[in-house]
Structure formats: C-alpha cells, structure tokens
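S.K.: Pasting final10.txt below, which is compact mmCIF, C-alpha atoms.
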```txt
# COMPACT_ATOMS: atom_id res chain seq x y z
CA MET A 1 70.46 13.89 -269.27
CA ASP A 2 68.11 10.99 -268.83
CA THR A 3 69.11 8.10 -271.06
CA ARG A 4 65.97 6.16 -270.16
CA ILE A 5 63.84 8.60 -272.13
CA ILE A 6 66.12 8.18 -275.16
CA LEU A 7 65.72 4.41 -274.92
CA GLN A 8 61.96 4.81 -274.57
CA LEU A 9 61.87 7.03 -277.67
CA LEU A 10 63.98 4.50 -279.57
CA ARG A 11 61.63 1.72 -278.52
CA LYS A 12 58.70 3.82 -279.74
CA GLU A 13 60.39 4.25 -283.13
CA PHE A 14 60.98 0.52 -283.51
CA ILE A 15 57.48 -0.43 -282.42
CA LEU A 16 55.94 2.09 -284.80
CA GLU A 17 58.18 0.93 -287.63
CA LEU A 18 57.27 -2.71 -287.09
CA ARG A 19 53.60 -1.82 -286.85
CA ARG A 20 53.59 0.08 -290.15
CA LYS A 21 55.38 -2.55 -292.17
CA SER A 22 54.37 -0.83 -295.40
CA VAL A 23 56.89 1.98 -294.81
CA ILE A 24 59.91 -0.27 -294.39
CA ALA A 25 58.69 -2.49 -297.22
CA GLY A 26 58.37 0.62 -299.38
CA LEU A 27 61.96 1.59 -298.64
CA GLY A 28 63.15 -1.91 -299.48
CA LEU A 29 61.24 -1.86 -302.73
CA TYR A 30 62.64 1.59 -303.57
CA LEU A 31 66.18 0.29 -303.09
CA PHE A 32 65.48 -2.84 -305.10
CA SER A 33 63.90 -0.86 -307.96
CA LEU A 34 66.85 1.53 -308.09
CA ILE A 35 69.32 -1.34 -308.32
CA PHE A 36 67.22 -3.18 -310.85
CA ILE A 37 67.01 -0.03 -312.99
CA CYS A 38 70.81 0.21 -312.85
CA TYR A 39 71.02 -3.43 -313.92
CA LEU A 40 68.65 -2.94 -316.83
CA THR A 41 69.86 0.46 -318.07
CA PHE A 42 73.50 -0.55 -318.08
CA ASN A 43 72.47 -3.76 -319.84
CA LEU A 44 74.67 -5.71 -317.46
CA LYS A 45 73.78 -9.07 -318.90
CA GLU A 46 76.12 -8.29 -321.78
CA ASN A 47 78.22 -5.41 -320.54
CA VAL A 48 80.70 -5.20 -317.72
CA ILE A 49 81.19 -2.01 -315.74
CA SER A 50 84.45 -0.96 -314.16
CA PRO A 51 84.76 -1.08 -310.35
CA TYR A 52 84.73 2.74 -310.25
CA THR A 53 81.43 2.92 -312.08
CA TRP A 54 80.23 0.31 -309.61
CA SER A 55 81.22 2.49 -306.69
CA ALA A 56 79.58 5.58 -308.22
CA LEU A 57 76.35 3.68 -308.87
CA PHE A 58 76.44 2.15 -305.42
CA TRP A 59 76.84 5.46 -303.61
CA LEU A 60 74.20 7.19 -305.72
CA THR A 61 71.72 4.42 -304.93
CA ILE A 62 72.55 4.58 -301.23
CA LEU A 63 72.33 8.38 -301.22
CA PHE A 64 68.87 8.45 -302.76
CA SER A 65 67.50 5.68 -300.55
CA VAL A 66 68.98 7.22 -297.42
CA VAL A 67 67.69 10.73 -298.16
CA ASN A 68 64.22 9.32 -298.69
CA SER A 69 64.24 7.22 -295.55
CA VAL A 70 65.74 9.84 -293.21
CA ALA A 71 63.43 12.52 -294.66
CA LYS A 72 60.45 10.82 -293.10
CA SER A 73 61.86 11.15 -289.56
CA PHE A 74 60.23 14.58 -289.27
CA ILE A 75 58.45 15.16 -292.59
CA GLY A 76 54.99 13.68 -292.66
CA GLU A 77 54.66 13.25 -288.90
CA LYS A 78 51.36 14.44 -287.51
CA LYS A 79 51.29 17.73 -285.61
CA GLY A 80 49.83 15.99 -282.55
CA VAL A 81 52.84 13.70 -282.29
CA PHE A 82 55.16 16.71 -282.18
CA ILE A 83 53.14 18.36 -279.44
CA TYR A 84 53.06 15.14 -277.42
CA LEU A 85 56.85 14.63 -277.78
CA TYR A 86 57.33 18.26 -276.81
CA THR A 87 55.72 17.62 -273.45
CA VAL A 88 57.55 14.40 -272.57
CA ALA A 89 61.12 14.86 -273.81
CA SER A 90 63.77 17.54 -274.26
CA PRO A 91 64.83 18.39 -277.84
CA GLN A 92 68.28 16.91 -277.23
CA GLN A 93 66.78 13.56 -276.27
CA ILE A 94 64.58 13.59 -279.36
CA ILE A 95 67.37 14.37 -281.80
CA ILE A 96 69.68 11.77 -280.24
CA SER A 97 67.04 9.07 -280.41
CA LYS A 98 66.22 10.01 -284.02
CA ILE A 99 69.90 9.98 -284.97
CA ILE A 100 70.54 6.57 -283.39
CA TYR A 101 67.47 5.16 -285.06
CA ASN A 102 68.46 6.64 -288.42
CA ILE A 103 72.01 5.30 -288.11
CA LEU A 104 70.65 1.79 -287.73
CA LEU A 105 68.21 2.31 -290.59
CA CYS A 106 70.89 3.75 -292.90
CA TRP A 107 73.32 0.98 -292.09
CA LEU A 108 70.65 -1.61 -292.76
CA ILE A 109 69.83 0.05 -296.09
CA SER A 110 73.47 0.24 -297.16
CA ILE A 111 74.16 -3.39 -296.24
CA ALA A 112 70.99 -4.49 -298.04
CA GLY A 113 72.10 -2.39 -301.01
CA TYR A 114 75.53 -4.02 -300.91
CA ILE A 115 74.01 -7.52 -300.91
CA LEU A 116 71.65 -6.65 -303.78
CA PHE A 117 74.51 -5.09 -305.73
CA SER A 118 76.60 -8.24 -305.34
CA ILE A 119 73.70 -10.38 -306.53
CA PHE A 120 72.61 -8.32 -309.54
CA ILE A 121 75.71 -6.50 -310.63
CA PHE A 122 78.87 -7.92 -309.12
CA ASN A 123 81.01 -7.57 -306.06
CA PRO A 124 84.36 -5.93 -306.73
CA VAL A 125 85.16 -5.27 -303.04
CA GLN A 126 88.43 -6.81 -301.95
CA ASP A 127 88.69 -5.54 -298.40
CA HIS A 128 85.36 -6.22 -296.72
CA LEU A 129 86.22 -4.97 -293.26
CA ILE A 130 87.22 -1.52 -294.55
CA PHE A 131 84.20 -1.39 -296.82
CA LEU A 132 81.78 -2.25 -294.00
CA SER A 133 83.34 0.33 -291.71
CA VAL A 134 83.04 2.94 -294.49
CA LEU A 135 79.37 2.00 -294.77
CA LEU A 136 78.92 2.43 -291.01
CA LEU A 137 80.75 5.77 -290.86
CA ALA A 138 78.90 7.10 -293.90
CA SER A 139 75.60 6.00 -292.34
CA ILE A 140 76.43 7.90 -289.18
CA GLY A 141 77.31 10.97 -291.23
CA PHE A 142 74.17 10.80 -293.36
CA SER A 143 71.86 10.30 -290.43
CA THR A 144 73.36 13.04 -288.26
CA SER A 145 73.24 15.67 -290.98
CA LEU A 146 70.01 14.57 -292.64
CA SER A 147 68.04 14.33 -289.37
CA LEU A 148 68.65 18.03 -288.77
CA ILE A 149 67.86 18.94 -292.39
CA SER A 150 64.66 16.89 -292.18
CA GLY A 151 63.67 18.90 -289.11
CA ILE A 152 64.22 22.15 -291.04
CA ALA A 153 62.46 20.94 -294.19
CA SER A 154 59.43 19.64 -292.28
CA LYS A 155 58.52 23.23 -291.30
CA ALA A 156 58.43 24.48 -294.90
CA ASN A 157 55.69 24.15 -297.49
CA ASN A 158 57.28 22.07 -300.24
CA SER A 159 59.26 19.95 -297.83
CA ASN A 160 60.11 17.06 -300.13
CA VAL A 161 61.77 19.23 -302.78
CA LEU A 162 63.44 21.27 -300.08
CA MET A 163 64.82 18.14 -298.42
CA ALA A 164 66.77 17.26 -301.56
CA VAL A 165 67.91 20.83 -302.22
CA LEU A 166 69.11 21.39 -298.66
CA SER A 167 70.71 18.01 -298.09
CA PHE A 168 72.75 17.32 -301.22
CA PRO A 169 75.31 20.11 -300.81
CA VAL A 170 75.73 19.24 -297.15
CA VAL A 171 76.30 15.51 -297.59
CA ILE A 172 78.68 15.89 -300.54
CA SER A 173 81.72 16.10 -298.26
CA ILE A 174 80.70 12.81 -296.60
CA LEU A 175 80.05 11.24 -299.98
CA LEU A 176 83.41 12.31 -301.42
CA MET A 177 85.29 10.83 -298.47
CA ALA A 178 83.26 7.62 -298.65
CA VAL A 179 83.91 7.25 -302.39
CA ARG A 180 87.62 7.73 -301.84
CA ALA A 181 87.78 5.13 -299.07
CA THR A 182 85.68 2.78 -301.21
CA LYS A 183 88.23 3.09 -303.98
CA ASN A 184 90.91 1.85 -301.58
CA ALA A 185 88.70 -1.04 -300.48
CA LEU A 186 87.99 -1.93 -304.13
CA ASP A 187 91.67 -1.98 -304.98
CA GLY A 188 92.44 -3.98 -301.86
CA LEU A 189 95.10 -1.53 -300.77
CA ASP A 190 96.87 -1.82 -297.46
CA ARG A 191 94.58 -0.80 -294.59
CA ALA A 192 96.91 1.97 -293.49
CA ALA A 193 96.12 3.74 -296.80
CA SER A 194 92.47 4.18 -295.80
CA THR A 195 92.96 5.45 -292.25
CA ASP A 196 93.14 9.06 -293.40
CA GLU A 197 89.78 8.89 -295.16
CA LEU A 198 88.15 7.04 -292.28
CA LEU A 199 89.45 9.58 -289.78
CA ASN A 200 88.22 12.41 -291.98
CA LEU A 201 84.79 10.80 -292.16
CA LEU A 202 84.82 10.45 -288.39
CA ALA A 203 85.77 14.12 -288.00
CA ILE A 204 82.99 15.26 -290.34
CA ASN A 205 80.57 13.07 -288.36
CA CYS A 206 81.67 14.69 -285.12
CA ILE A 207 81.13 18.18 -286.57
CA ALA A 208 77.70 17.24 -287.94
CA GLY A 209 76.69 15.49 -284.71
CA ALA A 210 77.76 18.37 -282.49
CA LEU A 211 76.02 20.92 -284.69
CA GLY A 212 72.84 18.84 -284.79
CA TYR A 213 72.87 18.53 -281.01
CA ILE A 214 73.38 22.27 -280.49
CA LEU A 215 71.10 23.55 -283.23
CA PHE A 216 68.14 21.19 -283.03
CA PRO A 217 66.51 22.89 -279.99
CA TYR A 218 66.11 26.07 -282.11
CA ILE A 219 64.20 24.17 -284.77
CA TRP A 220 62.10 22.31 -282.27
CA ARG A 221 60.88 25.38 -280.44
CA SER A 222 58.17 26.36 -282.88
CA MET B 223 79.93 52.62 -292.42
CA LYS B 224 82.32 55.50 -291.90
CA GLY B 225 82.82 57.92 -294.78
CA TRP B 226 86.61 57.77 -294.72
CA LEU B 227 86.44 53.98 -295.13
CA LYS B 228 84.35 54.38 -298.27
CA ILE B 229 86.71 56.98 -299.71
CA SER B 230 89.75 54.84 -298.92
CA ALA B 231 88.08 51.78 -300.50
CA VAL B 232 87.49 53.70 -303.74
CA LEU B 233 91.01 55.16 -303.75
CA LEU B 234 92.53 51.74 -303.07
CA LEU B 235 90.54 50.20 -305.92
CA VAL B 236 91.67 52.93 -308.32
CA TYR B 237 95.24 52.19 -307.25
CA VAL B 238 94.72 48.41 -307.57
CA HIS B 239 93.31 48.72 -311.07
CA THR B 240 96.01 51.01 -312.40
CA ALA B 241 98.93 49.37 -310.61
CA GLY B 242 97.55 45.87 -311.14
CA LEU B 243 97.37 46.36 -314.88
CA LEU B 244 100.47 48.49 -315.43
CA MET B 245 103.07 47.43 -312.89
CA ASP B 246 105.70 44.85 -313.69
CA VAL B 247 104.96 41.26 -312.69
CA PRO B 248 107.38 38.35 -312.33
CA ARG B 249 107.71 36.05 -315.35
CA LEU B 250 106.41 32.60 -314.47
CA ASN B 251 105.94 29.62 -316.71
CA ILE B 252 102.45 29.05 -318.14
CA LEU B 253 101.00 31.89 -316.05
CA ASN B 254 102.78 34.78 -317.80
CA GLU B 255 100.61 37.89 -317.76
CA THR B 256 97.57 36.02 -316.39
CA VAL B 257 99.27 36.25 -313.02
CA ARG B 258 97.51 39.60 -312.72
CA ALA B 259 94.26 37.69 -312.15
CA LEU B 260 95.57 37.31 -308.59
CA TYR B 261 94.60 40.93 -307.87
CA PHE B 262 91.00 40.41 -308.93
CA HIS B 263 90.25 36.69 -308.48
CA VAL B 264 91.73 35.83 -305.08
CA PRO B 265 90.27 38.87 -303.23
CA MET B 266 86.82 37.66 -304.33
CA TRP B 267 87.25 34.40 -302.41
CA PHE B 268 88.76 36.15 -299.40
CA GLY B 269 85.80 38.51 -299.49
CA MET B 270 83.28 35.71 -299.90
CA VAL B 271 84.59 33.71 -296.95
CA LEU B 272 84.76 36.79 -294.72
CA LEU B 273 81.25 37.88 -295.71
CA TYR B 274 79.86 34.39 -295.11
CA LEU B 275 81.64 34.37 -291.76
CA MET B 276 79.88 37.62 -290.87
CA SER B 277 76.59 36.10 -292.02
CA VAL B 278 77.12 33.10 -289.72
CA TYR B 279 78.10 35.46 -286.89
CA TYR B 280 74.79 37.31 -287.19
CA ALA B 281 72.90 34.01 -287.53
CA ILE B 282 74.41 32.88 -284.21
CA ARG B 283 73.55 36.21 -282.63
CA TYR B 284 69.99 35.87 -283.92
CA LEU B 285 69.58 32.41 -282.38
CA LYS B 286 70.92 33.70 -279.07
CA ASN B 287 68.84 36.84 -279.09
CA PRO B 288 66.05 36.86 -281.70
CA SER B 289 66.04 40.39 -283.01
CA HIS B 290 64.88 41.26 -286.52
CA GLU B 291 67.95 43.41 -287.14
CA PHE B 292 70.36 40.45 -286.88
CA ASP B 293 68.34 38.48 -289.39
CA VAL B 294 68.37 41.33 -291.91
CA LYS B 295 72.14 41.66 -291.53
CA SER B 296 72.70 37.92 -291.81
CA VAL B 297 70.83 37.77 -295.13
CA ALA B 298 72.52 40.88 -296.49
CA TYR B 299 75.97 39.39 -295.79
CA ALA B 300 74.96 36.08 -297.39
CA HIS B 301 73.66 37.90 -300.50
CA VAL B 302 76.82 39.93 -301.03
CA GLY B 303 78.99 36.90 -300.19
CA THR B 304 77.25 34.94 -302.92
CA ALA B 305 77.74 37.80 -305.38
CA PHE B 306 81.46 37.77 -304.54
CA GLY B 307 81.52 34.00 -304.98
CA ILE B 308 79.93 34.23 -308.43
CA LEU B 309 82.39 36.96 -309.45
CA GLY B 310 85.24 34.80 -308.14
CA MET B 311 83.92 31.90 -310.18
CA ILE B 312 83.71 34.01 -313.36
CA THR B 313 87.18 35.52 -312.95
CA GLY B 314 88.55 32.05 -312.21
CA MET B 315 86.92 30.61 -315.32
CA LEU B 316 88.29 33.43 -317.46
CA TRP B 317 91.76 32.73 -316.11
CA ALA B 318 91.39 28.96 -316.52
CA ASN B 319 90.35 29.45 -320.14
CA TYR B 320 93.79 30.87 -320.93
CA THR B 321 95.99 28.74 -318.70
CA TRP B 322 94.23 25.40 -318.44
CA GLY B 323 92.64 25.54 -321.87
CA SER B 324 89.01 25.39 -320.82
CA PRO B 325 86.86 27.43 -318.46
CA TRP B 326 85.66 24.44 -316.45
CA HIS B 327 88.39 21.98 -315.70
CA GLY B 328 86.86 19.87 -312.94
CA ASP B 329 89.62 20.92 -310.59
CA PRO B 330 88.86 20.06 -306.93
CA LYS B 331 88.95 23.75 -306.02
CA GLN B 332 86.47 24.63 -308.74
CA ASN B 333 84.15 21.83 -307.68
CA GLY B 334 84.41 22.78 -304.01
CA ALA B 335 83.62 26.41 -304.80
CA ALA B 336 80.64 25.42 -306.94
CA ILE B 337 79.25 23.27 -304.12
CA ALA B 338 79.76 26.07 -301.60
CA LEU B 339 77.72 28.36 -303.83
CA LEU B 340 75.04 25.65 -304.10
CA VAL B 341 74.82 25.56 -300.31
CA TYR B 342 74.02 29.26 -300.15
CA LEU B 343 71.63 29.10 -303.08
CA ALA B 344 69.79 26.36 -301.14
CA TYR B 345 69.79 28.75 -298.19
CA PHE B 346 67.94 31.34 -300.28
CA VAL B 347 65.48 28.70 -301.53
CA LEU B 348 64.81 27.75 -297.91
CA ARG B 349 64.13 31.38 -297.02
CA GLY B 350 61.80 31.70 -299.96
CA SER B 351 59.68 28.73 -298.96
CA LEU B 352 58.98 29.78 -295.37
CA ASP B 353 56.13 32.24 -294.85
CA ASN B 354 56.28 32.99 -291.15
CA GLU B 355 58.90 35.69 -290.67
CA GLU B 356 60.10 34.57 -287.25
CA GLN B 357 60.29 30.93 -288.32
CA ARG B 358 62.11 31.87 -291.52
CA ALA B 359 64.75 33.77 -289.59
CA ARG B 360 65.29 30.98 -287.08
CA LEU B 361 65.36 28.01 -289.49
CA SER B 362 67.53 29.76 -292.06
CA GLY B 363 69.86 30.78 -289.25
CA VAL B 364 70.20 27.15 -288.24
CA TYR B 365 70.83 26.11 -291.83
CA ASN B 366 73.32 28.93 -292.30
CA ILE B 367 75.45 27.73 -289.37
CA PHE B 368 75.17 24.10 -290.39
CA ALA B 369 75.95 24.80 -294.03
CA PHE B 370 78.94 26.97 -293.21
CA ALA B 371 80.41 24.17 -291.10
CA ALA B 372 79.82 21.76 -293.97
CA MET B 373 81.38 24.18 -296.45
CA ILE B 374 84.68 24.55 -294.62
CA PRO B 375 85.83 20.98 -295.32
CA LEU B 376 84.88 21.50 -298.96
CA ILE B 377 86.85 24.64 -299.65
CA PHE B 378 89.76 24.22 -297.28
CA ILE B 379 90.38 20.53 -296.70
CA ILE B 380 89.30 18.40 -299.66
CA PRO B 381 91.22 20.34 -302.34
CA ARG B 382 94.36 19.92 -300.24
CA LEU B 383 93.93 16.14 -300.09
CA THR B 384 93.81 15.65 -303.84
CA SER B 385 96.20 16.78 -306.48
CA SER B 386 95.04 20.06 -307.90
CA MET B 387 96.27 22.18 -310.77
CA HIS B 388 95.22 25.33 -308.97
CA PRO B 389 98.14 27.67 -308.29
CA GLY B 390 99.37 27.29 -304.74
CA SER B 391 98.94 23.54 -304.52
CA GLY B 392 100.81 20.52 -305.75
CA GLY B 393 104.02 22.31 -306.73
CA ASN B 394 102.34 24.70 -309.14
CA PRO B 395 103.54 28.28 -308.95
CA GLY B 396 101.11 29.96 -306.65
CA PHE B 397 100.47 31.91 -303.59
CA ASN B 398 103.71 31.09 -301.82
CA ALA B 399 105.72 32.12 -304.82
CA TYR B 400 103.95 35.48 -304.91
CA ASP B 401 104.47 36.03 -301.23
CA LEU B 402 108.17 36.24 -301.90
CA ASP B 403 107.64 38.89 -304.51
CA SER B 404 107.26 42.19 -302.73
CA ARG B 405 106.09 44.01 -305.87
CA MET B 406 102.99 41.86 -306.16
CA ARG B 407 102.34 42.04 -302.45
CA LEU B 408 102.18 45.82 -302.77
CA VAL B 409 99.13 45.47 -304.97
CA PHE B 410 97.62 42.24 -303.65
CA TYR B 411 97.08 43.20 -300.00
CA PRO B 412 95.46 46.56 -300.80
CA ALA B 413 93.25 44.70 -303.29
CA VAL B 414 92.02 42.28 -300.62
CA ILE B 415 91.28 45.10 -298.19
CA ALA B 416 89.61 47.27 -300.83
CA TRP B 417 87.32 44.54 -302.16
CA PHE B 418 86.31 43.53 -298.64
CA LEU B 419 85.50 47.16 -297.78
CA ILE B 420 83.41 47.43 -300.95
CA GLY B 421 81.55 44.29 -299.83
CA LEU B 422 80.86 45.81 -296.41
CA TRP B 423 79.66 49.00 -298.08
CA ILE B 424 77.17 47.12 -300.27
CA VAL B 425 75.96 45.21 -297.21
CA SER B 426 75.36 48.42 -295.27
CA LEU B 427 73.46 49.85 -298.24
CA ARG B 428 71.30 46.73 -298.51
CA VAL B 429 70.51 46.83 -294.79
CA ARG B 430 69.52 50.50 -295.06
CA ILE B 431 67.31 49.83 -298.10
CA LYS B 432 65.62 46.97 -296.26
CA LYS B 433 64.97 49.17 -293.22
CA LEU B 434 63.49 51.94 -295.37
CA GLU B 435 61.25 49.46 -297.19
CA GLU B 436 59.95 48.18 -293.87
CA LYS B 437 59.35 51.74 -292.70
CA ILE B 438 57.28 52.45 -295.82
CA ILE B 439 55.26 49.25 -295.32
CA ASP B 440 54.66 50.15 -291.68
CA ASN B 441 53.41 53.62 -292.59
CA GLU B 442 50.96 52.35 -295.19
```
What does the file become when written as structure tokens?
M.R.:
Amino acid sequence: MDTRIILQLLRKEFILELRRKSVIAGLGLYLFSLIFICYLTFNLKENVISPYTWSALFWLTILFSVVNSVAKSFIGEKKGVFIYLYTVASPQQIIISKIIYNILLCWLISIAGYILFSIFIFNPVQDHLIFLSVLLLASIGFSTSLSLISGIASKANNSNVLMAVLSFPVVISILLMAVRATKNALDGLDRAASTDELLNLLAINCIAGALGYILFPYIWRS
Amino acid sequence: MKGWLKISAVLLLVYVHTAGLLMDVPRLNILNETVRALYFHVPMWFGMVLLYLMSVYYAIRYLKNPSHEFDVKSVAYAHVGTAFGILGMITGMLWANYTWGSPWHGDPKQNGAAIALLVYLAYFVLRGSLDNEEQRARLSGVYNIFAFAAMIPLIFIIPRLTSSMHPGSGGNPGFNAYDLDSRMRLVFYPAVIAWFLIGLWIVSLRVRIKKLEEKIIDNE
C-alpha cells in the first residue's frame, strides 16, 4: 500500500483544519464550556470533590468532546469530496489517514482538557507518565472505533443522534479500562499495577483498529 | 427446521420444567431453592450469545456475497437474540431480588449484559433510520460485526477482572460447583439445548413470515 497517499491525505486534513479555524476553535470552546459548567455546577469555589468524582467528570468531558470532534470526520462532509476521494485513494488509505488524524486530535483534546481541569478544578494525578499514556491509548481507541461509526452514521438521515446512540455502547469498554487505569494513576500506585489495564486497552485498540481496517471498504462503497 | 428437532425441543422443555421444579437440588448457602434459576436463567444467555453469533455469521456472509436472504436471517437472529437477552435479564433480576436483596445490584455482569443489549438496540435504531434497503443491509452488517467484537470484552472479560457477586466468580458458589453435581447437570444441559432449539425455531418462523410478506408485496 502506498504510504505517500496516506501522508498526502493527512496533509490535506491539516491544511483544511488550519484553514477553517472556526471548527477547531469551536471544539476548544466546547471543551472549555463543559469544564466551566462542571466548575460552576459543582460549586467548586466552596466544595471539594473526591479524586474519583474528578476522574468521572474528566472522562465524561473527554468522551463528549471526542465524540463531537470525531463525528465530523465523515458527517457533514460534502458529497463531492467523497466522490473525489473515491477516485484518488483506496478506502484503506482513507480510513488510516482519518484514524491517524483523529488520534492526534483526540490526544490534543484530552491534554487540553487535562490542563483546563488542573486550572479550574484541581489536579489529583500522582503518576503523570501513566496518566498521559492512558490518555494516548484511550485516544487511539476512541478514534479507531469512532471513525468507523462516523462513517456508518454519515449515511443515515439523523446522523448526529445516531452517532451518539451507536458510539456509546461501543466505547464503554475503552472508557471502563481508562477509568480503572486512571484510578491507579490518581492513587500513585506502583506502575506494575497498571500494566494489565494498559495492555487491555492496547488489545481493545488492536481489535477496533483491525475491524475498522477490514470493514471500512464496505461502508465506503456506496 | 426439521420436525423431529421441534418435537424434541418441546419434549425437552416439558422435561426441564417438571424436573427442574420437582427434582432434588443441592443445599447451598444463600442460594437455597433459587439455585433452580440456573435451568431458566443461564440457558437464556447461552442462547443469546449463540443467536448473536449466528447473526454475525450471516452479516459476514452478506458482506462477502450480498444476497437479501442473508440479511433477513441476520436480523431475525439478532431479534430473537435480543428477546433471549431481555428474558435473561428479567430472570436474573427476579433471582437477584431474592438473593442479593434488590433486582438491580450494579454487579459487573449485570452492567455488561445491559450494555450488550444497548448495542443491539442501537443496531435496530440504525436499521430503522436507513431507507435504502441495500445500504441498510450493508451498514447494519458492518455495525453488527463491529458491535459483536466490542461486546465480547464486556460480557466475557471485564466481569472477570473485577470482583463480582455473580455465582461462578470470586469464590461464590456457582457454575463450577454445579458441574460437580450430576443431578443438576441432568437438567441443565437439556435445558440449554432445548432453549437454543426453541430460539432457532422462532428464527425460522420469522424468516418464513418475512418471505411471505415480501411475496405478498411483490404480487400487489
């Protein structure tokens, strides 16, 4: 398979993203508003939340932002773009480029969310290396599974509702693993304690990635 | 489906109901007589997983060779599998009400099963929102395969990683304990086979009804 085309497609994504700054700014604002709502509704100026509530809030915020940002990888694209891509690249190249792009986007969102959480709420993380690798692995998982779901949902009528309905059950296994590994990072446990969760996340990512790679051509054909 | 299979399914179920309710069961702490739920609750999950597996099998066959028949079968299996899942959920909640004290206990197995049902309900929503028949079959087939692969870690792996009060895990009296008891095995295995056969029977009926409906529409 030609990797040059994948790189070209990735370049196209980045150029388009930088050209339409409103989209990325919108995502940033979405994340910020979510975190600010958490701050205000929990009345954090006077109250203190436990680290576990922190982790639940954090992952919910990340989940919603990520679903919204990955959803737009196929939903809302113009028909002409699809037809053009169809002529220049194979479906495998398209899904791989989308997944790589979404991984970077998701990781960026989760790190930005982490920074905002530490500013507005607080930062209970004791083991940063483990936490950052959980963020990376969860981003890979989210983007591999959600890219495929976005492709399915984009063909349907009420694609935005469908995106949420189809994706939440599928990403729950990733989310559960991530929350469990986060708990270890919050408690500052020995790193060996988290290897199981990280390996599980990696395994789920492999399954999702392989399935996306095999199944995407069938979605793309129409 | 062959006639003798149907007859044997009915006979086996008659046997399972009478023997399951009347035969002696081992005395186990906490479980007591509720141990009989094994004959009716566990076969539901076995049946659900097998029926979903068949549904995925036909989804794969559809993607390889797009024929309308495979799609009809895939949906029929998913429908009956979901019905089995809901029955398994209800029987489990009934049992939990008497042994755990409340119908919904937030046990990892309960949560995993609920999420697995959500996946297939989402599958039906997806089918409902696609108009083009060929596209509906293809996209829902893709989702079916993807969702099944995502469901396996939920039902089989995650509950085993956490402590669960469900029989069979974490030192609670469960499946392994029953396996040693040959009396219960005499009822349990026929129950699994009988319920699965009943599931297959319903699927074959649904496929036939669907075919007849299409025939009527074609004639009009």
S.K.: When the cut-off is 9 Å and we count all atoms listed in the file, which residues of chain A are near chain B, given as a ChimeraX atom specification?
M.R.: /A:145,148-149,152-153,155-159,162,165-173,176-177,204,207-208,211-212,215-216,218-219,222
S.K.: List the spatial neighbours of Phe117 (chain A) as a count of residues only - criterion: any atom at most 10 Å away, all atoms listed in the file, same-chain residues fewer than 6 positions off excluded.
M.R.: 12
S.K.: Counting all atoms listed in the file, what is within 10 Å of Phe64 (chain A), bar same-chain residues fewer than 4 positions away, as a PyMOL selection string?
M.R.: chain A and resi 30-31+34+59-60+68-69+164+168
S.K.: Hey, which of A:Ile214, A:Ile174, A:Ile119, A:Leu9 ends up closest to Tyr84 (chain A)? Count all atoms listed in the file.
M.R.: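 Closest to Tyr84 (chain A), using all atoms listed in the file: A:Leu9.
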S.K.: List the residues sitting within 9 Å of (89.4, 37.2, -306.0) in the file's frame, using only C-alpha atoms, as an MDAnalysis selection string.
M.R.: chainID B and resid 259:270 306:307 309:311 313:314 413:414 417
S.K.: Given the selection you just returned, output its residues as a file containing C-alpha atoms, formatted as a tab-separated table (two decimals), in the frame of the given file.
M.R.:
```
chain	number	residue	atom	x	y	z
B	259	ALA	CA	94.26	37.69	-312.15
B	260	LEU	CA	95.57	37.31	-308.59
B	261	TYR	CA	94.60	40.93	-307.87
B	262	PHE	CA	91.00	40.41	-308.93
B	263	HIS	CA	90.25	36.69	-308.48
B	264	VAL	CA	91.73	35.83	-305.08
B	265	PRO	CA	90.27	38.87	-303.23
B	266	MET	CA	86.82	37.66	-304.33
B	267	TRP	CA	87.25	34.40	-302.41
B	268	PHE	CA	88.76	36.15	-299.40
B	269	GLY	CA	85.80	38.51	-299.49
B	270	MET	CA	83.28	35.71	-299.90
B	306	PHE	CA	81.46	37.77	-304.54
B	307	GLY	CA	81.52	34.00	-304.98
B	309	LEU	CA	82.39	36.96	-309.45
B	310	GLY	CA	85.24	34.80	-308.14
B	311	MET	CA	83.92	31.90	-310.18
B	313	THR	CA	87.18	35.52	-312.95
B	314	GLY	CA	88.55	32.05	-312.21
B	413	ALA	CA	93.25	44.70	-303.29
B	414	VAL	CA	92.02	42.28	-300.62
B	417	TRP	CA	87.32	44.54	-302.16
```
S.K.: If I take CA of Ile103 (chain A) and CA of Ile121 (chain A), how far is one from the other in Å, to one decimal?
M.R.: 25.7 Å
S.K.: Given the point (88.6, 47.2, -304.2) in the coordinates of this file, which residues lie within 12 Å, counting only C-alpha atoms, and how would they look as number ranges by chain?
M.R.: B: 227-240, 242, 261-266, 269, 306, 409-423
S.K.: Separation of CA of Ile99 (chain A) and CA of Ile140 (chain A), in Å?
M.R.: 8.0 Å
S.K.: If I take CA of Ile109 (chain A) and CA of Leu27 (chain A), how far is one from the other in Å, to one decimal?
M.R.: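 Rounded to one decimal, the two atoms are 8.4 Å apart.
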S.K.: For Arg428 (chain B), which residue out of B:Ala318, B:Ile377, B:Ala281, B:Ala298 is the nearest one, using all atoms listed in the file?
M.R.: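 The shortest atom-to-atom distance to Arg428 (chain B) comes from B:Ala298.
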S.K.: Please determine, counting all atoms listed in the file, which residue among B:Ser289, B:Glu442, B:Val257, B:Tyr299 has the shortest atom-to-atom distance to Asn366 (chain B).
M.R.: B:Tyr299
